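Q: Take a look at model.cif, mmCIF, C-alpha atoms:
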data_structure
loop_
_atom_site.group_PDB
_atom_site.id
_atom_site.type_symbol
_atom_site.label_atom_id
_atom_site.label_comp_id
_atom_site.auth_asym_id
_atom_site.auth_seq_id
_atom_site.Cartn_x
_atom_site.Cartn_y
_atom_site.Cartn_z
ATOM 1 C CA MET A 20 91.479 84.632 98.321
ATOM 2 C CA GLY A 21 93.422 84.117 101.512
ATOM 3 C CA PHE A 22 96.230 81.624 102.161
ATOM 4 C CA ASP A 23 98.317 80.643 105.160
ATOM 5 C CA SER A 24 101.502 80.822 103.084
ATOM 6 C CA LEU A 25 102.540 81.635 99.520
ATOM 7 C CA ASP A 26 105.840 82.105 97.776
ATOM 8 C CA SER A 27 104.721 85.597 96.765
ATOM 9 C CA THR A 28 101.241 87.066 96.420
ATOM 10 C CA ASN A 29 102.333 88.815 93.217
ATOM 11 C CA ALA A 30 103.651 85.565 91.773
ATOM 12 C CA ALA A 31 100.502 83.681 92.790
ATOM 13 C CA LEU A 32 98.180 86.243 91.234
ATOM 14 C CA ARG A 33 100.248 86.382 88.062
ATOM 15 C CA ARG A 34 99.984 82.594 87.752
ATOM 16 C CA ILE A 35 96.204 82.808 87.985
ATOM 17 C CA VAL A 36 96.001 85.549 85.358
ATOM 18 C CA GLU A 37 98.443 83.915 82.957
ATOM 19 C CA THR A 38 97.176 80.328 83.190
ATOM 20 C CA GLU A 39 93.509 80.377 84.169
ATOM 21 C CA GLY A 40 92.105 83.394 82.352
ATOM 22 C CA ASP A 41 88.561 84.671 82.946
ATOM 23 C CA VAL A 42 89.697 87.062 85.681
ATOM 24 C CA ALA A 43 88.151 90.318 86.822
ATOM 25 C CA GLU A 44 89.472 93.539 88.268
ATOM 26 C CA GLY A 45 89.561 93.565 92.041
ATOM 27 C CA LEU A 46 90.635 89.938 92.375
ATOM 28 C CA MET A 47 92.841 89.877 95.456
ATOM 29 C CA ILE A 48 95.309 87.323 96.801
ATOM 30 C CA TRP A 49 96.610 87.659 100.349
ATOM 31 C CA ALA A 50 98.709 85.486 102.612
ATOM 32 C CA LYS A 51 99.594 85.330 106.296
ATOM 33 C CA THR A 52 103.228 84.890 105.300
ATOM 34 C CA GLN A 53 105.385 84.665 102.176
ATOM 35 C CA THR A 54 108.393 82.452 101.582
ATOM 36 C CA ALA A 55 109.776 84.473 98.647
ATOM 37 C CA GLY A 56 108.350 87.958 99.040
ATOM 38 C CA ARG A 57 109.872 90.594 96.773
ATOM 39 C CA GLY A 58 110.268 94.341 96.869
ATOM 40 C CA ARG A 59 111.440 96.741 94.208
ATOM 41 C CA LEU A 60 114.673 96.027 92.348
ATOM 42 C CA GLY A 61 114.534 92.369 93.393
ATOM 43 C CA ARG A 62 114.943 93.031 97.105
ATOM 44 C CA ILE A 63 113.766 90.408 99.573
ATOM 45 C CA TRP A 64 110.619 91.394 101.457
ATOM 46 C CA LYS A 65 110.658 89.543 104.768
ATOM 47 C CA SER A 66 107.186 88.310 105.592
ATOM 48 C CA PRO A 67 106.534 87.242 109.198
ATOM 49 C CA GLU A 68 102.948 86.648 110.262
ATOM 50 C CA GLY A 69 100.913 89.604 111.495
ATOM 51 C CA ASN A 70 101.513 91.974 108.587
ATOM 52 C CA VAL A 71 99.721 92.618 105.301
ATOM 53 C CA TYR A 72 100.862 90.802 102.154
ATOM 54 C CA ALA A 73 98.395 91.224 99.324
ATOM 55 C CA SER A 74 98.161 91.642 95.568
ATOM 56 C CA ILE A 75 95.230 93.230 93.765
ATOM 57 C CA LEU A 76 94.410 92.904 90.070
ATOM 58 C CA VAL A 77 93.826 96.117 88.103
ATOM 59 C CA GLN A 78 92.885 96.358 84.445
ATOM 60 C CA ALA A 79 95.663 98.127 82.575
ATOM 61 C CA PRO A 80 94.761 101.411 80.874
ATOM 62 C CA GLU A 81 94.474 101.549 77.101
ATOM 63 C CA ASP A 82 97.427 103.913 77.086
ATOM 64 C CA GLN A 83 99.910 101.637 78.793
ATOM 65 C CA ALA A 84 102.367 104.518 79.148
ATOM 66 C CA THR A 85 100.164 105.645 82.040
ATOM 67 C CA ALA A 86 100.238 102.235 83.762
ATOM 68 C CA PRO A 87 102.967 103.278 86.272
ATOM 69 C CA GLN A 88 100.516 105.820 87.667
ATOM 70 C CA VAL A 89 98.660 102.918 89.305
ATOM 71 C CA GLY A 90 101.506 102.690 91.818
ATOM 72 C CA PHE A 91 100.818 106.265 92.904
ATOM 73 C CA VAL A 92 97.090 105.488 93.077
ATOM 74 C CA ALA A 93 97.876 102.611 95.418
ATOM 75 C CA ALA A 94 100.219 104.748 97.535
ATOM 76 C CA VAL A 95 97.658 107.456 98.206
ATOM 77 C CA ALA A 96 95.054 104.750 98.921
ATOM 78 C CA VAL A 97 97.403 103.261 101.534
ATOM 79 C CA VAL A 98 97.684 106.675 103.196
ATOM 80 C CA ASP A 99 93.877 106.946 103.150
ATOM 81 C CA THR A 100 93.725 103.503 104.745
ATOM 82 C CA ILE A 101 96.224 104.210 107.521
ATOM 83 C CA LEU A 102 94.435 107.430 108.459
ATOM 84 C CA GLU A 103 91.195 105.472 108.827
ATOM 85 C CA LEU A 104 92.608 102.815 111.152
ATOM 86 C CA PRO A 105 91.870 102.983 114.912
ATOM 87 C CA ARG A 106 94.567 104.809 116.912
ATOM 88 C CA HIS A 107 93.388 104.566 120.541
ATOM 89 C CA ASN A 108 92.993 108.368 120.858
ATOM 90 C CA ALA A 109 96.533 108.915 119.580
ATOM 91 C CA PRO A 110 97.208 111.518 116.876
ATOM 92 C CA PRO A 111 97.638 110.260 113.301
ATOM 93 C CA PRO A 112 101.178 109.202 112.450
ATOM 94 C CA PRO A 113 103.290 111.605 110.362
ATOM 95 C CA LEU A 114 102.896 109.961 106.960
ATOM 96 C CA SER A 115 104.930 110.714 103.853
ATOM 97 C CA HIS A 116 105.587 109.319 100.391
ATOM 98 C CA LYS A 117 108.931 108.029 99.148
ATOM 99 C CA TRP A 118 109.048 108.076 95.367
ATOM 100 C CA PRO A 119 107.803 106.232 93.521
ATOM 101 C CA ASN A 120 105.313 104.462 95.779
ATOM 102 C CA ASP A 121 106.551 103.643 99.289
ATOM 103 C CA VAL A 122 104.781 105.025 102.344
ATOM 104 C CA LEU A 123 106.685 106.162 105.444
ATOM 105 C CA ALA A 124 105.456 106.786 108.978
ATOM 106 C CA GLY A 125 107.705 108.967 111.090
ATOM 107 C CA GLY A 126 110.486 108.445 108.554
ATOM 108 C CA GLY A 127 110.296 104.635 108.700
ATOM 109 C CA LYS A 128 109.058 102.618 105.750
ATOM 110 C CA VAL A 129 105.751 100.954 106.626
ATOM 111 C CA CYS A 130 104.524 100.098 103.134
ATOM 112 C CA GLY A 131 106.086 98.927 99.899
ATOM 113 C CA ILE A 132 104.167 98.683 96.631
ATOM 114 C CA LEU A 133 105.191 96.586 93.627
ATOM 115 C CA PRO A 134 103.087 96.962 90.435
ATOM 116 C CA GLU A 135 103.848 94.416 87.696
ATOM 117 C CA MET A 136 102.376 94.158 84.201
ATOM 118 C CA THR A 137 101.072 90.821 82.959
ATOM 119 C CA SER A 138 98.586 89.487 80.429
ATOM 120 C CA SER A 139 95.884 86.858 80.408
ATOM 121 C CA LEU A 140 95.472 83.875 78.101
ATOM 122 C CA GLU A 141 93.190 86.032 75.967
ATOM 123 C CA GLY A 142 95.884 88.691 75.648
ATOM 124 C CA ALA A 143 94.260 91.278 77.928
ATOM 125 C CA ALA A 144 96.714 93.511 79.801
ATOM 126 C CA TRP A 145 96.595 93.593 83.604
ATOM 127 C CA ILE A 146 98.524 95.151 86.459
ATOM 128 C CA VAL A 147 99.247 93.063 89.550
ATOM 129 C CA VAL A 148 99.658 95.518 92.422
ATOM 130 C CA GLY A 149 101.535 94.005 95.340
ATOM 131 C CA ILE A 150 101.149 95.792 98.677
ATOM 132 C CA GLY A 151 103.031 94.987 101.864
ATOM 133 C CA ILE A 152 102.196 96.882 105.056
ATOM 134 C CA ASN A 153 104.098 96.441 108.318
ATOM 135 C CA LEU A 154 101.591 96.316 111.134
ATOM 136 C CA ARG A 155 104.229 94.835 113.426
ATOM 137 C CA SER A 156 107.981 95.370 113.632
ATOM 138 C CA VAL A 157 110.160 93.334 111.277
ATOM 139 C CA GLU A 158 113.860 92.862 110.802
ATOM 140 C CA VAL A 159 115.558 95.399 108.567
ATOM 141 C CA GLN A 160 114.746 94.469 104.968
ATOM 142 C CA ASP A 161 115.782 97.633 103.121
ATOM 143 C CA GLU A 162 119.150 98.856 104.317
ATOM 144 C CA ALA A 163 118.760 102.070 102.327
ATOM 145 C CA TYR A 164 115.892 103.181 104.578
ATOM 146 C CA PRO A 165 114.708 102.734 108.175
ATOM 147 C CA ILE A 166 111.858 100.257 108.573
ATOM 148 C CA GLY A 167 108.834 101.192 110.669
ATOM 149 C CA SER A 168 105.552 99.685 111.796
ATOM 150 C CA LEU A 169 102.055 100.950 112.432
ATOM 151 C CA ALA A 170 102.101 99.420 115.913
ATOM 152 C CA SER A 171 104.863 101.842 116.885
ATOM 153 C CA HIS A 172 102.394 104.637 116.122
ATOM 154 C CA ASN A 173 99.658 103.238 118.386
ATOM 155 C CA ILE A 174 97.745 101.549 115.566
ATOM 156 C CA ASP A 175 96.638 98.108 116.697
ATOM 157 C CA THR A 176 94.665 96.208 114.085
ATOM 158 C CA THR A 177 94.599 93.019 112.031
ATOM 159 C CA PRO A 178 95.573 92.284 108.431
ATOM 160 C CA GLU A 179 91.962 91.375 107.674
ATOM 161 C CA HIS A 180 90.677 94.752 108.856
ATOM 162 C CA VAL A 181 93.381 96.638 106.976
ATOM 163 C CA LEU A 182 92.559 94.771 103.764
ATOM 164 C CA THR A 183 88.874 95.644 104.097
ATOM 165 C CA VAL A 184 89.657 99.343 104.441
ATOM 166 C CA LEU A 185 92.357 99.212 101.759
ATOM 167 C CA CYS A 186 90.108 97.638 99.116
ATOM 168 C CA ARG A 187 87.536 100.382 99.636
ATOM 169 C CA ALA A 188 90.138 103.149 99.513
ATOM 170 C CA PHE A 189 91.921 101.717 96.463
ATOM 171 C CA SER A 190 88.652 101.334 94.571
ATOM 172 C CA ALA A 191 87.707 104.962 95.285
ATOM 173 C CA ARG A 192 91.115 106.236 94.168
ATOM 174 C CA LEU A 193 91.018 104.140 90.984
ATOM 175 C CA ILE A 194 87.624 105.562 90.067
ATOM 176 C CA ASP A 195 88.903 109.094 90.664
ATOM 177 C CA TRP A 196 92.019 108.440 88.544
ATOM 178 C CA ARG A 197 90.017 107.044 85.647
ATOM 179 C CA GLN A 198 87.434 109.804 85.722
ATOM 180 C CA ASN A 199 89.661 112.804 86.431
ATOM 181 C CA GLY A 200 93.125 111.749 85.303
ATOM 182 C CA PHE A 201 96.396 111.763 87.190
ATOM 183 C CA ALA A 202 96.168 115.376 88.401
ATOM 184 C CA SER A 203 94.139 114.668 91.539
ATOM 185 C CA VAL A 204 96.295 111.638 92.440
ATOM 186 C CA ARG A 205 99.416 113.718 91.918
ATOM 187 C CA GLU A 206 98.021 116.464 94.148
ATOM 188 C CA SER A 207 97.277 113.988 96.942
ATOM 189 C CA TRP A 208 100.716 112.417 96.597
ATOM 190 C CA LEU A 209 102.449 115.801 96.777
ATOM 191 C CA GLU A 210 100.580 116.661 99.981
ATOM 192 C CA LYS A 211 102.685 113.964 101.686
ATOM 193 C CA ALA A 212 105.850 114.469 99.633
ATOM 194 C CA PRO A 213 109.142 115.998 100.796
ATOM 195 C CA SER A 214 109.341 119.771 100.714
ATOM 196 C CA VAL A 215 110.625 121.282 97.484
ATOM 197 C CA GLY A 216 114.373 121.758 97.875
ATOM 198 C CA PHE A 217 114.767 118.696 100.064
ATOM 199 C CA GLU A 218 118.153 116.986 99.535
ATOM 200 C CA MET A 219 118.048 113.499 98.051
ATOM 201 C CA SER A 220 120.037 110.983 96.072
ATOM 202 C CA VAL A 221 118.546 108.735 93.405
ATOM 203 C CA GLY A 222 120.250 105.540 92.318
ATOM 204 C CA LEU A 223 120.354 105.012 88.554
ATOM 205 C CA PRO A 224 122.167 102.393 86.426
ATOM 206 C CA SER A 225 124.523 105.162 85.288
ATOM 207 C CA GLY A 226 125.251 106.197 88.876
ATOM 208 C CA PRO A 227 123.535 108.233 91.612
ATOM 209 C CA VAL A 228 121.979 111.600 90.912
ATOM 210 C CA ARG A 229 122.308 113.967 93.866
ATOM 211 C CA GLY A 230 120.292 117.115 94.167
ATOM 212 C CA ASN A 231 117.141 118.672 95.536
ATOM 213 C CA PHE A 232 113.562 117.492 95.242
ATOM 214 C CA ALA A 233 111.777 119.671 92.655
ATOM 215 C CA GLY A 234 108.392 117.995 92.611
ATOM 216 C CA LEU A 235 106.525 115.434 90.565
ATOM 217 C CA ASP A 236 105.980 115.885 86.843
ATOM 218 C CA THR A 237 102.484 115.618 85.385
ATOM 219 C CA ASP A 238 103.063 111.945 84.486
ATOM 220 C CA GLY A 239 104.632 110.900 87.812
ATOM 221 C CA ALA A 240 108.292 111.371 86.879
ATOM 222 C CA LEU A 241 110.524 112.531 89.736
ATOM 223 C CA LEU A 242 112.055 115.995 89.274
ATOM 224 C CA VAL A 243 115.451 116.597 90.827
ATOM 225 C CA ASP A 244 117.501 119.785 90.598
ATOM 226 C CA SER A 245 121.097 118.603 90.325
ATOM 227 C CA PRO A 246 124.328 120.601 89.896
ATOM 228 C CA LEU A 247 124.006 119.817 86.162
ATOM 229 C CA GLY A 248 120.436 121.034 85.896
ATOM 230 C CA ARG A 249 116.971 119.603 86.394
ATOM 231 C CA LYS A 250 116.687 115.854 85.930
ATOM 232 C CA ARG A 251 113.469 114.083 84.998
ATOM 233 C CA ILE A 252 113.647 110.539 86.386
ATOM 234 C CA LEU A 253 111.216 107.836 85.285
ATOM 235 C CA ALA A 254 112.802 104.902 87.127
ATOM 236 C CA GLY A 255 115.256 104.867 89.985
ATOM 237 C CA ASP A 256 115.692 104.279 93.677
ATOM 238 C CA VAL A 257 115.673 107.109 96.200
ATOM 239 C CA LEU A 258 118.643 106.150 98.328
ATOM 240 C CA PHE A 259 118.253 108.583 101.163
ATOM 241 C CA SER A 260 116.520 111.716 102.341
ATOM 242 C CA GLY A 261 115.831 113.252 105.707
ATOM 243 C CA GLY A 262 114.316 116.236 107.400
ATOM 244 C CA ASP A 263 110.550 116.389 107.300
ATOM 245 C CA THR A 264 109.929 113.121 105.503
#
In structure tokens, what does this structure look like?

A:
Amino acid sequence: MGFDSLDSTNAALRRIVETEGDVAEGLMIWAKTQTAGRGRLGRIWKSPEGNVYASILVQAPEDQATAPQVGFVAAVAVVDTILELPRHNAPPPPLSHKWPNDVLAGGGKVCGILPEMTSSLEGAAWIVVGIGINLRSVEVQDEAYPIGSLASHNIDTTPEHVLTVLCRAFSARLIDWRQNGFASVRESWLEKAPSVGFEMSVGLPSGPVRGNFAGLDTDGALLVDSPLGRKRILAGDVLFSGGDT
């Protein structure tokens, strides 16, 4: 369902799930602009017209401990989508993942993903997966990271076309995840991850953890080699990194 304007596509889809019931996986809400778009950790996601603002409904797995893996599924589907978009004979942009589920192009953030758990009137568990993709340049909305756009990498398309490609890619990645587990998603994510040993800092409630990227654990946890040993991080905010990302 498309709208000219919404407060937030995630909020709108959650309202449908929580108040109307009788929903099905794949239900998508998208808007030309948002008045109260949100990113991770409560950040404002500025939403001028011309970019992608969408939320897709995914049935939560029986083992809800694996639900966060859906964010990685969405991230690799976004990479699949961007690589399929027309580039006017230009080479594909240098894409990379920023843990847990942002997508960068040339070091600038072009996509943010916000998965949120909810439940229907009948008590069924769902995941609302919010996806914002910058097709056009926007004002800085995440001071911890440079913001990019697909247009700056010679990709000229429309939100409607991107959503068509994205739905197909996300569906294929979901099927793969459910049939084969997280291993194949993890492998695809790592193909666009920073190099092992890459310096990074991760913001935690207890304070930042500084160290070197050591990979992704089998459940999606971030592994960081710090001066105090290897840290396994389930939730946090990568504050900065550089080099080949």

Q: What lies within 8 Å of range 118-126 of chain A using only C-alpha atoms, ignoring chain neighbours under 3 positions off, as a list in words?

A: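 Answer for this query is Gly90, Phe91, Ala93, Ala94, Val97, Val98, Pro112, Pro113, Leu114, Ser115, Val129, Cys130, Gly131, Ile132, Pro165, Gly167, Ser168, Leu169, Leu241, Asp256, Val257, Gly261 and Thr264 of chain A.
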
Q: Using all atoms listed in the file, which residues of range 159-259 of chain A come within 10 Å of range 44-53 of chain A, and what is the closest atom pair for each, with the distance in Å to one decimal? Give it as a Markdown table, sorted by chain and residue number.

A:
| residue | atom | partner | partner_atom | distance |
| --- | --- | --- | --- | --- |
| A:Pro178 | CA | A:Lys51 | CA | 8.3 |
| A:Glu179 | CA | A:Trp49 | CA | 9.4 |
| A:Leu182 | CA | A:Trp49 | CA | 8.9 |
| A:Cys186 | CA | A:Gly45 | CA | 8.2 |
| A:Phe189 | CA | A:Gly45 | CA | 9.6 |
| A:Ser190 | CA | A:Gly45 | CA | 8.2 |

Q: Give me the residues near range 228-233 of chain A as a ChimeraX atom specification, where near means some atom within 12 Å (using only C-alpha atoms) and where sequence neighbours in that chain fewer than 2 positions away do not count.

A: /A:117-118,209,212-226,235-236,240-252,254-261,264

Q: How many Å lie between CA of Gly69 in chain A and CA of Asn153 in chain A, rounded to one decimal?

A: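 Atom-to-atom, CA of Gly69 in chain A and CA of Asn153 in chain A are spaced 8.2 Å apart.
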
Q: What's around Ala143 in chain A at 10 Å? Count all atoms listed in the file, leave out sequence neighbours fewer than 3 positions away in its own chain, and write the answer as an MDAnalysis selection string.

A: chainID A and resid 36:37 40 42 78:79 137:140

Q: Work out how far CA of Ser27 in chain A is from CA of Gly151 in chain A, in Å to one decimal.

A: 10.8 Å

Q: Using CA of Ile194 in chain A and CA of Val95 in chain A as the two end points, give the distance in Å to one decimal.

A: 13.1 Å

Q: Of the residues A:Gly127, A:Gly149, A:Glu81, A:His107, which is the one nearest to Thr28 in chain A, using all atoms listed in the file?

A: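 Closest candidate: A:Gly149.
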
Q: Which one is closest to Pro105 in chain A: A:Thr176, A:Thr85, A:Ser156, A:Thr38? Count only C-alpha atoms.

A: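 Nearest candidate to Pro105 in chain A out of A:Thr176, A:Thr85, A:Ser156, A:Thr38: A:Thr176.
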
Q: What would the selection look like, as a list in words, if the PyMOL selection byres ((chain A and resi 148) around 7) were run on the coordinates I just shared?

A: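 Against this file, the PyMOL selection byres ((chain A and resi 148) around 7) returns the residues Ser74, Ile75, Leu76, Ile132, Leu133, Pro134, Glu135, Ile146, Val147, Gly149 and Ile150 of chain A.
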
Q: Which is closest to Asp99 in chain A among A:Val184, A:Val157, A:Leu25, A:Ala84, if we use all atoms listed in the file?

A: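 Looking only at the distances to Asp99 in chain A, the closest residue turns out to be A:Val184.
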
Q: For a quick check of understanding, using all atoms listed in the file, which of A:Ala73, A:Ala191, A:Leu102, A:Val181 has the smallest distance to Asn29 in chain A?

A: A:Ala73

Q: I'd like the box whose edges run along x, y and z of the file and which contains every listed atom of range 89-96 of chain A, padded by 5 Å per side; could you state its centre and edge lengths in Å, one decimal, as JSON?

A:
{"center_x": 98.3, "center_y": 105.0, "center_z": 94.1, "size_x": 16.5, "size_y": 14.8, "size_z": 19.6}

Q: For Arg106 in chain A, list every protein, DNA or RNA residue within 9 Å, evaluated using only C-alpha atoms, and leave out those in the same chain fewer than 3 positions away; present the list as a list in words.

A: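 Skipping anything fewer than 3 positions along the chain leaves Leu102, Glu103, Ala109, Pro110, Pro111, His172, Asn173, Ile174 and Asp175 of chain A.
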
Q: Evaluate the PyMOL selection byres ((chain A and resi 203) around 12) on the structure here and hand back the selected residues as a PDB file with C-alpha atoms, in the frame of the given file.

A:
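Below is the file selection_39.pdb, written as the result:
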ATOM      1  CA  GLN A  88     100.516 105.820  87.667  1.00  0.00           C
ATOM      2  CA  PHE A  91     100.818 106.265  92.904  1.00  0.00           C
ATOM      3  CA  VAL A  92      97.090 105.488  93.077  1.00  0.00           C
ATOM      4  CA  VAL A  95      97.658 107.456  98.206  1.00  0.00           C
ATOM      5  CA  ARG A 192      91.115 106.236  94.168  1.00  0.00           C
ATOM      6  CA  LEU A 193      91.018 104.140  90.984  1.00  0.00           C
ATOM      7  CA  ILE A 194      87.624 105.562  90.067  1.00  0.00           C
ATOM      8  CA  ASP A 195      88.903 109.094  90.664  1.00  0.00           C
ATOM      9  CA  TRP A 196      92.019 108.440  88.544  1.00  0.00           C
ATOM     10  CA  ARG A 197      90.017 107.044  85.647  1.00  0.00           C
ATOM     11  CA  GLN A 198      87.434 109.804  85.722  1.00  0.00           C
ATOM     12  CA  ASN A 199      89.661 112.804  86.431  1.00  0.00           C
ATOM     13  CA  GLY A 200      93.125 111.749  85.303  1.00  0.00           C
ATOM     14  CA  PHE A 201      96.396 111.763  87.190  1.00  0.00           C
ATOM     15  CA  ALA A 202      96.168 115.376  88.401  1.00  0.00           C
ATOM     16  CA  VAL A 204      96.295 111.638  92.440  1.00  0.00           C
ATOM     17  CA  ARG A 205      99.416 113.718  91.918  1.00  0.00           C
ATOM     18  CA  GLU A 206      98.021 116.464  94.148  1.00  0.00           C
ATOM     19  CA  SER A 207      97.277 113.988  96.942  1.00  0.00           C
ATOM     20  CA  TRP A 208     100.716 112.417  96.597  1.00  0.00           C
ATOM     21  CA  LEU A 209     102.449 115.801  96.777  1.00  0.00           C
ATOM     22  CA  GLU A 210     100.580 116.661  99.981  1.00  0.00           C
ATOM     23  CA  THR A 237     102.484 115.618  85.385  1.00  0.00           C
ATOM     24  CA  ASP A 238     103.063 111.945  84.486  1.00  0.00           C
ATOM     25  CA  GLY A 239     104.632 110.900  87.812  1.00  0.00           C
TER      26      GLY A 239
END
